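Visitor: The structure is given below, and queries will be raised subsequently.
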Amino acid sequence: MDTTALATITLAVLVFGFLASGIWVSVTLLVAGMVMMALFTPAPMGSLMASTLWDASWGWELTSLPLFVWMGEILFRSNLSRHMFQGLAPWVGRLPGGLLHVNILGCGVMAAITGSSAVTCATIGRMTVPELGRRGYPIRQTIGTLAGSGTMGLLIPPSIIMIVYGVSAEQSIGRLFIAGIVPGLLLIALYMGYVTIWSWINPGDMPERDQHSSWRHRLEVLPSLLPTIGLVFLVIGSIYAGIATPTEAAVIGVIGALGLSAVYRALSWRCFWEGLMAAVRTSCMISFIIAAASCLSIAVAFIGLPRELAGWVGSFGFSPYILLLVMALLILILGCFLEGISIIVLTSSVMLPLVEAAGIDLIWFGIFIVILIEAAQITPPVGFNLFVMQSLTGQNILLIARAALPYFLLLILLLVMITLFPSLVLSLPELMR
């Protein structure tokens, strides 16, 4: 057995063995990198690991991460979801599917604020699950729309996982944010289209549509939506127009979130402090994972694993489509056991050289991998959104997984669409140039 094969087996045993034993992802990556460096290279492990940890922890690109997390935490603790339901319900109540569309649109707006799939799902679900149940909506569709739409927290900017990918792939975070806009809007349209068609096919399972929302009432509740939507447009628009970098836009978002929280009368010293500390904990966790992943990446680079693997895969003569299919299957399998950030940092050192060698745009691939991780959020056994819905509804996890299945298939359809028509992802980033 040659050194490369032995190193590959050792790496797989270390990583999956540590993860299976319940050790933190960051510690797993760091220890695996140190062991690989010590066993298979003559390089000075101590000094290289120390310098890599330092270099990976102070990058300017990471500055926007805690700010966007803090913005989401502030608004998560405000009355945002209640105002959003009040503002959206009169506009969608008469559509086929009725208030189920509130779940989809509400998650779309919340996704642009929190950047987190689980937080999006939980925040909207706490408001809509009791209300839709009281009005007689089928529980499976309520669960399905929430579990599926909650995944948009990863795709619609500003997205925490896009920041992680951007740092790992050394790509512009601003361009990644803008690249997610069209696929995100397209996903909302796919979800709403499915709910509409389902309600036409199963009219007996749906309550009567709201026939009492006048235009006057809709306009009266519109102010409940405008501040939140205005903040989203301000943050994303400032990046797209080139007025602000992602970090500067994140500062605008935090100031706007504090202002909205004050308007909603939810801003207190306790709320401020809890949101700040939650943002610190989340940001430290993500930053530690990124730094540890850099240590593993430099170790496998010294051994030459990415180069050897790229040459091995290249020897098969796979077309870019087959290569993407193989990667998609791998990510979906990993998604059954790991959360999204861990998947990106674990696979980036191997996948990115293969993607570059195949001539695939790394901005496009970032959106491709984010959509795959979205799909993994609603696949058992470790689909985070499934557990969120179980805690909200108390339903069996298998029923929740079946309810989310159509939305998983719609995510796969979106993947096919952006693969056949890459301009859906790349047109807006190209305009930014």
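Note on naming: chains are A, B, ... as they come in the structure tokens, residues start from 1 per chain, ligands start from 1 in the order shown.
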Could you give me, as a Markdown table, a per-residue list for range 278-371 of chain A showing, wherever an atom lies at most 9 Å from an atom of range 173-193 of chain A, the closest pair of atoms and their distance in Å to one decimal, using only C-alpha atoms and sorting by chain then residue number from low to high?
Guide:
| residue | atom | partner | partner_atom | distance |
| --- | --- | --- | --- | --- |
| A:Ile363 | CA | A:Leu176 | CA | 6.1 |
| A:Trp364 | CA | A:Ala179 | CA | 7.6 |
| A:Gly366 | CA | A:Leu176 | CA | 7.3 |
| A:Ile367 | CA | A:Gly180 | CA | 6.4 |
Visitor: Go ahead and write the selection's residues with C-alpha atoms as a CSV table (one decimal), in the first residue's frame.
Guide:
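Once written, part.csv looks like this:
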chain,number,residue,atom,x,y,z
A,363,ILE,CA,-19.3,31.2,-7.4
A,364,TRP,CA,-21.8,29.0,-9.2
A,366,GLY,CA,-21.0,27.7,-4.0
A,367,ILE,CA,-24.8,28.1,-4.7
Visitor: Of the candidates A:Gly359, A:Pro207, A:Gly150, A:Pro223, which shows the shortest atom-to-atom distance to Ala375 in chain A, using only C-alpha atoms?
Guide: A:Gly150
Visitor: Which is closest to Val350 in chain A among A:Met327, A:Ala250, A:Ile197, A:Ala278, if we use only C-alpha atoms?
Guide: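 Under the stated criterion, the closest residue is A:Met327.
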Visitor: Write out as a count of residues only which residues come within 12 Å of range 236-247 of chain A when counting only C-alpha atoms, dropping same-chain ones fewer than 6 positions away.
Guide: 41
Visitor: Between A:Ala279, A:Ala301, A:Ile104, A:Ile139, single out the one closest to Pro353 in chain A, counting only C-alpha atoms.
Guide: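 Nearest candidate to Pro353 in chain A out of A:Ala279, A:Ala301, A:Ile104, A:Ile139: A:Ala301.
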Visitor: To test your reading of the structure, identify every residue in range 187-400 of chain A that backbone DSSP assigns to alpha helix (DSSP H), and report it as a PyMOL selection string.
Guide: chain A and resi 187-201+215-221+226-240+246-263+269-303+305-315+320-335+340-357+362-376+384-393+397-400
Visitor: Mind checking which residues fall within 6 Å of Met37 in chain A, counting only C-alpha atoms, ignoring those fewer than 4 positions away in the same chain, and posting them as a PyMOL selection string?
Guide: chain A and resi 41+45+299
Visitor: Between CA of Trp24 in chain A and CA of Gly340 in chain A, what is the distance in Å, rounded to a tenth?
Guide: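 Rounded to one decimal, the two atoms are 14.3 Å apart.
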Visitor: Excluding Leu75 in chain A and any residue of its chain fewer than 5 positions from it, enumerate the residues within 10 Å of it, using only C-alpha atoms, and give them as a ChimeraX atom specification.
Guide: /A:70,80-81,110,113-114,228,254,256-261,264,266-267,271,275
Visitor: So, counting only C-alpha atoms, which residue among A:Ser78, A:Ile290, A:Leu323, A:Gly72 is closest to Ser268 in chain A?
Guide: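 Checking each of A:Ser78, A:Ile290, A:Leu323, A:Gly72 against Ser268 in chain A, counting only C-alpha atoms, the winner is A:Ser78.
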Visitor: For the contact check between range 308-394 of chain A and range 410-427 of chain A, emit one row per residue of range 308-394 of chain A within 12 Å, containing the shortest atom pair and the distance in Å rounded to one decimal, counting only C-alpha atoms, chain then rising number order, as JSON lines.
Guide:
{"residue": "A:Pro320", "atom": "CA", "partner": "A:Thr419", "partner_atom": "CA", "distance": 10.2}
{"residue": "A:Tyr321", "atom": "CA", "partner": "A:Thr419", "partner_atom": "CA", "distance": 8.2}
{"residue": "A:Ile322", "atom": "CA", "partner": "A:Thr419", "partner_atom": "CA", "distance": 11.6}
{"residue": "A:Leu324", "atom": "CA", "partner": "A:Thr419", "partner_atom": "CA", "distance": 9.2}
{"residue": "A:Leu325", "atom": "CA", "partner": "A:Val416", "partner_atom": "CA", "distance": 10.3}
{"residue": "A:Ala328", "atom": "CA", "partner": "A:Leu415", "partner_atom": "CA", "distance": 9.7}
{"residue": "A:Leu329", "atom": "CA", "partner": "A:Ile412", "partner_atom": "CA", "distance": 11.4}
{"residue": "A:Leu332", "atom": "CA", "partner": "A:Ile412", "partner_atom": "CA", "distance": 10.8}
{"residue": "A:Ile360", "atom": "CA", "partner": "A:Pro422", "partner_atom": "CA", "distance": 10.2}
{"residue": "A:Asp361", "atom": "CA", "partner": "A:Leu426", "partner_atom": "CA", "distance": 9.0}
{"residue": "A:Leu362", "atom": "CA", "partner": "A:Leu426", "partner_atom": "CA", "distance": 10.4}
{"residue": "A:Ile363", "atom": "CA", "partner": "A:Leu426", "partner_atom": "CA", "distance": 7.7}
{"residue": "A:Trp364", "atom": "CA", "partner": "A:Val425", "partner_atom": "CA", "distance": 6.1}
{"residue": "A:Phe365", "atom": "CA", "partner": "A:Val425", "partner_atom": "CA", "distance": 9.5}
{"residue": "A:Gly366", "atom": "CA", "partner": "A:Val425", "partner_atom": "CA", "distance": 9.9}
{"residue": "A:Ile367", "atom": "CA", "partner": "A:Val425", "partner_atom": "CA", "distance": 7.4}
{"residue": "A:Phe368", "atom": "CA", "partner": "A:Leu415", "partner_atom": "CA", "distance": 6.6}
{"residue": "A:Ile369", "atom": "CA", "partner": "A:Leu415", "partner_atom": "CA", "distance": 9.3}
{"residue": "A:Val370", "atom": "CA", "partner": "A:Leu415", "partner_atom": "CA", "distance": 10.1}
{"residue": "A:Ile371", "atom": "CA", "partner": "A:Leu411", "partner_atom": "CA", "distance": 6.8}
{"residue": "A:Leu372", "atom": "CA", "partner": "A:Leu411", "partner_atom": "CA", "distance": 7.7}
{"residue": "A:Ile373", "atom": "CA", "partner": "A:Leu411", "partner_atom": "CA", "distance": 10.0}
{"residue": "A:Glu374", "atom": "CA", "partner": "A:Leu411", "partner_atom": "CA", "distance": 7.8}
{"residue": "A:Ala375", "atom": "CA", "partner": "A:Leu411", "partner_atom": "CA", "distance": 6.2}
{"residue": "A:Ala376", "atom": "CA", "partner": "A:Leu411", "partner_atom": "CA", "distance": 10.0}
{"residue": "A:Gln377", "atom": "CA", "partner": "A:Leu411", "partner_atom": "CA", "distance": 11.0}
{"residue": "A:Ile378", "atom": "CA", "partner": "A:Leu411", "partner_atom": "CA", "distance": 10.4}
{"residue": "A:Thr379", "atom": "CA", "partner": "A:Leu411", "partner_atom": "CA", "distance": 11.9}
